[in-house]
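J.: What follows is upload.pdb; its format and atoms are PDB, C-alpha atoms.
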ATOM      1  CA  GLY A   1     -34.835  -8.474  -0.400
ATOM      2  CA  SER A   2     -34.542 -10.938  -3.281
ATOM      3  CA  SER A   3     -31.772  -9.032  -5.054
ATOM      4  CA  PHE A   4     -29.844  -8.750  -1.788
ATOM      5  CA  ALA A   5     -30.194 -12.504  -1.143
ATOM      6  CA  LEU A   6     -29.122 -13.326  -4.692
ATOM      7  CA  GLY A   7     -26.120 -11.017  -4.387
ATOM      8  CA  GLN A   8     -25.074 -12.727  -1.168
ATOM      9  CA  ARG A   9     -25.543 -16.134  -2.785
ATOM     10  CA  ALA A  10     -23.359 -15.001  -5.671
ATOM     11  CA  LEU A  11     -20.605 -13.997  -3.250
ATOM     12  CA  LEU A  12     -20.795 -17.368  -1.522
ATOM     13  CA  ALA A  13     -20.475 -19.048  -4.909
ATOM     14  CA  VAL A  14     -17.383 -16.936  -5.618
ATOM     15  CA  ASP A  15     -15.871 -18.204  -2.351
ATOM     16  CA  GLU A  16     -16.601 -21.758  -3.495
ATOM     17  CA  HIS A  17     -15.135 -21.040  -6.963
ATOM     18  CA  ASP A  18     -18.522 -21.954  -8.431
ATOM     19  CA  TRP A  19     -18.345 -19.318 -11.117
ATOM     20  CA  SER A  20     -21.368 -20.552 -13.035
ATOM     21  CA  THR A  21     -23.638 -20.116 -10.015
ATOM     22  CA  ALA A  22     -21.959 -16.828  -9.125
ATOM     23  CA  ALA A  23     -22.576 -15.451 -12.613
ATOM     24  CA  SER A  24     -26.186 -16.659 -12.692
ATOM     25  CA  CYS A  25     -27.056 -15.247  -9.262
ATOM     26  CA  ALA A  26     -25.290 -11.964  -9.936
ATOM     27  CA  TYR A  27     -27.107 -11.597 -13.251
ATOM     28  CA  ASP A  28     -30.514 -12.326 -11.699
ATOM     29  CA  ALA A  29     -29.783  -9.908  -8.860
ATOM     30  CA  ARG A  30     -28.853  -7.149 -11.297
ATOM     31  CA  GLU A  31     -32.041  -7.769 -13.298
ATOM     32  CA  LEU A  32     -34.111  -7.324 -10.134
ATOM     33  CA  ILE A  33     -32.117  -4.224  -9.169
ATOM     34  CA  ASP A  34     -32.696  -2.635 -12.572
ATOM     35  CA  SER A  35     -36.399  -3.460 -12.688
ATOM     36  CA  ALA A  36     -37.029  -2.182  -9.149
ATOM     37  CA  GLY A  37     -34.860   0.926  -9.504
ATOM     38  CA  LEU A  38     -32.532  -0.129  -6.692
ATOM     39  CA  GLU A  39     -29.313   1.056  -8.325
ATOM     40  CA  THR A  40     -28.615   3.472  -5.447
ATOM     41  CA  SER A  41     -29.699   1.156  -2.634
ATOM     42  CA  VAL A  42     -27.075  -0.161  -0.238
ATOM     43  CA  THR A  43     -28.769  -3.565  -0.495
ATOM     44  CA  SER A  44     -27.459  -3.752  -4.064
ATOM     45  CA  LEU A  45     -23.838  -3.784  -2.868
ATOM     46  CA  PRO A  46     -23.385  -7.593  -2.836
ATOM     47  CA  ALA A  47     -24.680  -7.897  -6.400
ATOM     48  CA  TYR A  48     -22.332  -5.238  -7.782
ATOM     49  CA  ILE A  49     -19.325  -6.717  -5.973
ATOM     50  CA  ALA A  50     -20.209 -10.202  -7.215
ATOM     51  CA  SER A  51     -20.678  -8.876 -10.760
ATOM     52  CA  ALA A  52     -17.255  -7.238 -10.616
ATOM     53  CA  LEU A  53     -15.610 -10.438  -9.396
ATOM     54  CA  VAL A  54     -17.297 -12.532 -12.088
ATOM     55  CA  ALA A  55     -16.226 -10.058 -14.775
ATOM     56  CA  LEU A  56     -12.672 -10.095 -13.432
ATOM     57  CA  HIS A  57     -12.656 -13.892 -13.474
ATOM     58  CA  ARG A  58     -13.713 -13.795 -17.116
ATOM     59  CA  GLY A  59     -10.935 -11.339 -17.933
ATOM     60  CA  ASN A  60     -13.281  -8.411 -18.545
ATOM     61  CA  VAL A  61     -11.327  -5.900 -16.485
ATOM     62  CA  GLN A  62     -13.152  -2.824 -17.801
ATOM     63  CA  THR A  63     -16.561  -4.167 -16.768
ATOM     64  CA  ALA A  64     -15.140  -5.267 -13.432
ATOM     65  CA  ARG A  65     -13.829  -1.769 -12.750
ATOM     66  CA  ILE A  66     -17.160  -0.186 -13.680
ATOM     67  CA  ASP A  67     -19.105  -2.482 -11.351
ATOM     68  CA  GLY A  68     -16.464  -2.060  -8.677
ATOM     69  CA  ALA A  69     -16.726   1.714  -8.910
ATOM     70  CA  VAL A  70     -20.504   1.493  -8.426
ATOM     71  CA  ALA A  71     -19.980  -0.732  -5.376
ATOM     72  CA  LEU A  72     -17.490   1.701  -3.861
ATOM     73  CA  ARG A  73     -19.919   4.563  -4.454
ATOM     74  CA  LEU A  74     -22.750   2.647  -2.793
ATOM     75  CA  TYR A  75     -20.524   1.859   0.170
ATOM     76  CA  ARG A  76     -19.904   5.570   0.700
ATOM     77  CA  ARG A  77     -23.361   6.922  -0.119
ATOM     78  CA  PRO A  78     -25.531   5.643   1.408
ATOM     79  CA  SER A  79     -23.087   3.909   3.754
ATOM     80  CA  PRO A  80     -24.090   0.625   5.410
ATOM     81  CA  ILE A  81     -22.680   1.934   8.696
ATOM     82  CA  ALA A  82     -26.099   1.593  10.366
ATOM     83  CA  PHE A  83     -25.699  -2.177   9.962
ATOM     84  CA  SER A  84     -22.289  -3.008  11.403
ATOM     85  CA  TRP A  85     -22.242  -6.594  10.158
ATOM     86  CA  LEU A  86     -23.033  -5.503   6.598
ATOM     87  CA  ALA A  87     -20.480  -2.693   6.786
ATOM     88  CA  ALA A  88     -17.792  -5.117   7.948
ATOM     89  CA  GLN A  89     -18.717  -7.769   5.400
ATOM     90  CA  MET A  90     -18.808  -5.347   2.484
ATOM     91  CA  ALA A  91     -15.573  -3.638   3.547
ATOM     92  CA  ILE A  92     -13.837  -7.024   3.478
ATOM     93  CA  ARG A  93     -15.378  -7.903   0.114
ATOM     94  CA  LEU A  94     -14.385  -4.547  -1.355
ATOM     95  CA  GLY A  95     -10.904  -4.983   0.080
ATOM     96  CA  ARG A  96     -10.545  -8.262  -1.774
ATOM     97  CA  LEU A  97     -11.812  -6.682  -4.980
ATOM     98  CA  LEU A  98      -9.412  -3.740  -4.686
ATOM     99  CA  LEU A  99      -6.565  -6.144  -4.008
ATOM    100  CA  ALA A 100      -7.468  -7.963  -7.226
ATOM    101  CA  PHE A 101      -7.145  -4.575  -8.972
ATOM    102  CA  ASP A 102      -3.679  -4.185  -7.379
ATOM    103  CA  ASP A 103      -4.958  -1.234  -5.354
ATOM    104  CA  LEU A 104      -3.113  -2.057  -2.141
ATOM    105  CA  ALA A 105      -3.804   1.289  -0.503
ATOM    106  CA  GLY A 106      -7.528   0.985  -1.166
ATOM    107  CA  ALA A 107      -7.599  -2.606   0.049
ATOM    108  CA  GLN A 108      -5.766  -1.603   3.222
ATOM    109  CA  ARG A 109      -8.303   1.162   3.880
ATOM    110  CA  LYS A 110     -11.142  -1.338   3.601
ATOM    111  CA  ALA A 111      -9.368  -3.788   5.932
ATOM    112  CA  THR A 112      -8.964  -0.957   8.432
ATOM    113  CA  GLU A 113     -12.625   0.029   8.102
ATOM    114  CA  ALA A 114     -13.728  -3.562   8.653
ATOM    115  CA  GLY A 115     -11.576  -3.627  11.757
ATOM    116  CA  ARG A 116     -13.497  -0.666  13.154
ATOM    117  CA  TYR A 117     -16.864  -2.360  12.715
ATOM    118  CA  LEU A 118     -15.973  -5.832  13.992
ATOM    119  CA  PRO A 119     -15.785  -4.894  17.703
ATOM    120  CA  LEU A 120     -19.399  -3.704  17.462
ATOM    121  CA  LEU A 121     -20.505  -7.225  16.551
ATOM    122  CA  GLY A 122     -19.278  -9.073  19.616
ATOM    123  CA  PRO A 123     -17.915 -12.488  18.605
ATOM    124  CA  ALA A 124     -17.639 -11.797  14.870
ATOM    125  CA  GLY A 125     -16.580 -15.329  13.956
ATOM    126  CA  VAL A 126     -16.265 -15.792  10.217
ATOM    127  CA  LEU A 127     -15.952 -12.058   9.495
ATOM    128  CA  SER A 128     -12.926 -11.811  11.787
ATOM    129  CA  GLU A 129     -11.378 -14.751   9.958
ATOM    130  CA  GLN A 130     -12.102 -13.196   6.564
ATOM    131  CA  ARG A 131     -10.551  -9.888   7.607
ATOM    132  CA  ALA A 132      -7.487 -11.721   8.944
ATOM    133  CA  GLN A 133      -7.162 -13.481   5.587
ATOM    134  CA  LEU A 134      -7.364 -10.132   3.759
ATOM    135  CA  VAL A 135      -4.692  -8.609   5.997
ATOM    136  CA  ALA A 136      -2.456 -11.661   5.521
ATOM    137  CA  GLU A 137      -2.863 -11.451   1.743
ATOM    138  CA  LEU A 138      -2.001  -7.744   1.811
ATOM    139  CA  ASP A 139       1.170  -8.513   3.768
ATOM    140  CA  ARG A 140       2.079 -11.278   1.322
ATOM    141  CA  VAL A 141       1.625  -8.987  -1.686
ATOM    142  CA  ARG A 142       3.674  -6.216  -0.054
ATOM    143  CA  ARG A 143       6.532  -8.601   0.693
ATOM    144  CA  LYS A 144       6.456  -9.927  -2.849
ATOM    145  CA  SER A 145       6.444  -6.370  -4.216
ATOM    146  CA  ALA A 146       9.506  -5.547  -2.161
ATOM    147  CA  SER A 147      11.428  -8.422  -3.755
ATOM    148  CA  ASP A 148      10.419  -8.002  -7.393
ATOM    149  CA  GLY A 149      10.371  -5.211  -9.942
ATOM    150  CA  THR A 150       8.910  -2.675  -7.515
ATOM    151  CA  ALA A 151      11.964  -2.928  -5.218
ATOM    152  CA  LEU A 152      13.604   0.343  -4.249
ATOM    153  CA  THR A 153      16.402   1.641  -6.436
ATOM    154  CA  ALA A 154      19.884   2.318  -5.096
ATOM    155  CA  ALA A 155      19.112   6.049  -5.035
ATOM    156  CA  GLU A 156      15.931   5.465  -3.056
ATOM    157  CA  LEU A 157      17.775   3.175  -0.644
ATOM    158  CA  ARG A 158      20.205   6.033   0.076
ATOM    159  CA  ILE A 159      17.315   8.197   1.194
ATOM    160  CA  LEU A 160      15.371   5.540   3.087
ATOM    161  CA  PRO A 161      17.569   5.446   6.251
ATOM    162  CA  LEU A 162      17.115   9.204   6.631
ATOM    163  CA  LEU A 163      13.313   9.073   6.680
ATOM    164  CA  PRO A 164      13.096   7.986  10.355
ATOM    165  CA  THR A 165      15.147  11.033  11.356
ATOM    166  CA  HIS A 166      13.951  14.568  12.113
ATOM    167  CA  LEU A 167      15.570  15.858   8.906
ATOM    168  CA  SER A 168      13.370  17.761   6.464
ATOM    169  CA  LEU A 169      13.484  16.981   2.750
ATOM    170  CA  GLY A 170      15.674  20.037   2.218
ATOM    171  CA  GLU A 171      18.089  18.893   4.905
ATOM    172  CA  ILE A 172      18.203  15.393   3.436
ATOM    173  CA  ALA A 173      18.952  16.940   0.047
ATOM    174  CA  ARG A 174      21.853  18.962   1.469
ATOM    175  CA  GLN A 175      23.265  15.927   3.301
ATOM    176  CA  LEU A 176      23.181  13.794   0.144
ATOM    177  CA  VAL A 177      24.214  16.658  -2.127
ATOM    178  CA  LEU A 178      21.044  16.444  -4.172
ATOM    179  CA  SER A 179      18.397  18.944  -5.196
ATOM    180  CA  ARG A 180      15.286  19.144  -3.044
ATOM    181  CA  ASN A 181      13.146  18.249  -6.072
ATOM    182  CA  THR A 182      15.172  15.069  -6.640
ATOM    183  CA  VAL A 183      14.711  14.037  -3.026
ATOM    184  CA  LYS A 184      11.005  14.867  -3.190
ATOM    185  CA  THR A 185      10.583  12.716  -6.315
ATOM    186  CA  GLN A 186      12.488   9.795  -4.814
ATOM    187  CA  VAL A 187      10.567   9.983  -1.538
ATOM    188  CA  ALA A 188       7.313   9.925  -3.517
ATOM    189  CA  ALA A 189       8.556   6.796  -5.297
ATOM    190  CA  ILE A 190       9.388   5.202  -1.937
ATOM    191  CA  TYR A 191       5.863   5.945  -0.694
ATOM    192  CA  ARG A 192       4.344   4.435  -3.832
ATOM    193  CA  LYS A 193       6.473   1.297  -3.786
ATOM    194  CA  LEU A 194       5.887   0.709  -0.082
ATOM    195  CA  ASP A 195       2.176   1.464  -0.437
ATOM    196  CA  ALA A 196       2.467   4.262   2.118
ATOM    197  CA  THR A 197       0.690   7.600   2.341
ATOM    198  CA  SER A 198       2.944   9.302   4.882
ATOM    199  CA  ARG A 199       6.548   9.380   6.042
ATOM    200  CA  THR A 200       5.667   7.552   9.246
ATOM    201  CA  GLU A 201       3.835   4.837   7.333
ATOM    202  CA  ALA A 202       6.724   4.444   4.878
ATOM    203  CA  VAL A 203       9.164   3.987   7.763
ATOM    204  CA  GLN A 204       6.899   1.386   9.344
ATOM    205  CA  ARG A 205       6.478  -0.507   6.056
ATOM    206  CA  ALA A 206      10.244  -0.448   5.458
ATOM    207  CA  SER A 207      10.890  -1.733   8.974
ATOM    208  CA  ASP A 208       8.350  -4.527   8.525
ATOM    209  CA  LEU A 209      10.097  -5.560   5.311
ATOM    210  CA  GLY A 210      13.530  -5.533   6.930
ATOM    211  CA  LEU A 211      14.742  -2.604   4.827
ATOM    212  CA  LEU A 212      15.644  -0.575   7.902
ATOM    213  CA  HIS A 213      17.999  -1.884  10.538
ATOM    214  CA  GLN A 214      17.658   0.053  13.753
TER     215      GLN A 214
END
Write the structure described by the file as structure tokens, please.

T.:
Amino acid sequence: GSSFALGQRALLAVDEHDWSTAASCAYDARELIDSAGLETSVTSLPAYIASALVALHRGNVQTARIDGAVALRLYRRPSPIAFSWLAAQMAIRLGRLLLAFDDLAGAQRKATEAGRYLPLLGPAGVLSEQRAQLVAELDRVRRKSASDGTALTAAELRILPLLPTHLSLGEIARQLVLSRNTVKTQVAAIYRKLDATSRTEAVQRASDLGLLHQ
């Protein structure tokens, strides 16, 4: 109970950019977690997320990743799914943390998971707003990525218009007079740069960014 409350207070302090309070509450929460043997309890999630955010703010990326990994593990096992509000809140918090790590795919998964829990809460209020902010930030980062150093190369842009078609990778290779392995490598790069995990998702991302004109 106390460690959970302190973890939540730490997260609120993060939102308020009160890093001193966030660090103090996160530290006290972790002390209680360690002394009570609650390292595997889902109630420890807020404290680990807050600790990761504080570490990231201080520039200690390695510590932030370690605490973040613990938080992700706690979110999966045991999952807070029995408490929809906690599941939604923690999914949003983890999404923000993953976004800070430049893990767009992971952050998107958490935004999607939060979206599944929110309808179970009725009028979700602030959680709906927080998820909307996460989704908006993801869109902003994707658009920025498309215009900076992660933009598609000329070779990748040759392949991109063929992805919405029924053509297989081998057929695309023959049409462009390339090897299948070259096409496969370039398609993988397109997926990575567009933060997509499938051909359909890559086409949708490209359309959203105005890279496909249909």

J.: Could you expand the PyMOL selection byres ((chain A and resi 73) around 12) into the explicit residues it covers here, written as a list in words?

T.: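 Selected by the PyMOL selection byres ((chain A and resi 73) around 12) here: Glu39, Thr40, Ser41, Val42, Ser44, Leu45, Tyr48, Ile49, Ile66, Asp67, Gly68, Ala69, Val70, Ala71, Leu72, Leu74, Tyr75, Arg76, Arg77, Pro78, Ser79, Pro80 and Leu94 of chain A.
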
J.: Applied to this file, what does the PyMOL selection byres ((chain A and resi 4) around 7) return in terms of residues, put as a ChimeraX atom specification?

T.: /A:1-3,5-8,43-44,46-47

J.: For a quick check of understanding, using all atoms listed in the file, which of A:Leu120, A:Trp19, A:Arg143, A:Leu167 has the smallest distance to His57 of chain A?

T.: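 Of the candidates, the smallest distance to His57 of chain A is held by A:Trp19.
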
J.: When the PyMOL selection byres ((chain A and resi 176) around 12) is applied to the structure above, which residues does it catch, written out as a tab-separated table (two decimals) with C-alpha atoms, in the frame of the given file?

T.:
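Written file, result.tsv:
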chain	number	residue	atom	x	y	z
A	155	ALA	CA	19.11	6.05	-5.04
A	156	GLU	CA	15.93	5.46	-3.06
A	157	LEU	CA	17.77	3.18	-0.64
A	158	ARG	CA	20.20	6.03	0.08
A	159	ILE	CA	17.32	8.20	1.19
A	160	LEU	CA	15.37	5.54	3.09
A	161	PRO	CA	17.57	5.45	6.25
A	162	LEU	CA	17.11	9.20	6.63
A	167	LEU	CA	15.57	15.86	8.91
A	169	LEU	CA	13.48	16.98	2.75
A	170	GLY	CA	15.67	20.04	2.22
A	171	GLU	CA	18.09	18.89	4.90
A	172	ILE	CA	18.20	15.39	3.44
A	173	ALA	CA	18.95	16.94	0.05
A	174	ARG	CA	21.85	18.96	1.47
A	175	GLN	CA	23.26	15.93	3.30
A	177	VAL	CA	24.21	16.66	-2.13
A	178	LEU	CA	21.04	16.44	-4.17
A	179	SER	CA	18.40	18.94	-5.20
A	180	ARG	CA	15.29	19.14	-3.04
A	182	THR	CA	15.17	15.07	-6.64
A	183	VAL	CA	14.71	14.04	-3.03

J.: What is the atom CA of Ala188 of chain A-atom CA of Leu211 of chain A distance in Å, reported with one decimal?

T.: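 About the pair atom CA of Ala188 of chain A and atom CA of Leu211 of chain A: they are 16.8 Å apart.
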
J.: Which value, in Å to one decimal, gives the distance between atom CA of Gln186 of chain A and atom CA of Gly106 of chain A?

T.: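 Separating atom CA of Gln186 of chain A from atom CA of Gly106 of chain A is a distance of 22.2 Å.
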
J.: Please measure the separation of atom CA of Arg205 of chain A and atom CA of Gln89 of chain A, giving the value in Å to one decimal.

T.: 26.2 Å

J.: Which protein, DNA or RNA residues have an atom at most 9 Å from (-25.1, -17.8, -7.8), counting all atoms listed in the file? List them as a list in words.

T.: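 The residues that fall inside the cut-off are Leu6, Gly7, Gln8, Arg9, Ala10, Leu11, Leu12, Ala13, Val14, Asp18, Trp19, Ser20, Thr21, Ala22, Ala23, Ser24, Cys25, Ala26, Tyr27 and Asp28 of chain A.
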
J.: Using all atoms listed in the file for the distances, tell me which of A:Lys184, A:Lys110, A:Arg199, A:Lys193 is nearest to Leu163 of chain A.

T.: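 Checking each candidate against Leu163 of chain A, we get A:Arg199 as the closest.
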
J.: Just want the 10 Å neighbourhood of Arg142 of chain A, counted on all atoms listed in the file, with same-chain residues fewer than 6 positions away dropped. Output as a count of residues only.

T.: 9

J.: Which residues are near Ala196 of chain A? Cut-off 8 Å, all atoms listed in the file, ignore same chain within fewer than 4 positions. Put them as a count of residues only.

T.: 6

J.: List the residues sitting within 7 Å of (-19.3, -3.0, 6.7) in the file's frame, using only C-alpha atoms, as a VMD selection string.

T.: chain A and resid 80 to 81 84 to 91 114 117

J.: Using only C-alpha atoms, pick whichever of A:Val126, A:Leu97, A:Ile92, A:Ala154 has the shortest atom-to-atom distance to Glu113 of chain A.

T.: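 Selected residue with least distance to Glu113 of chain A: A:Ile92.
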
J.: Restricting the calculation to all atoms listed in the file, which member of A:Gly59, A:Gly125, A:Pro164, A:Gly115 is positioned closest to Ser198 of chain A?

T.: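 Among the listed residues, the smallest separation from Ser198 of chain A belongs to A:Pro164.
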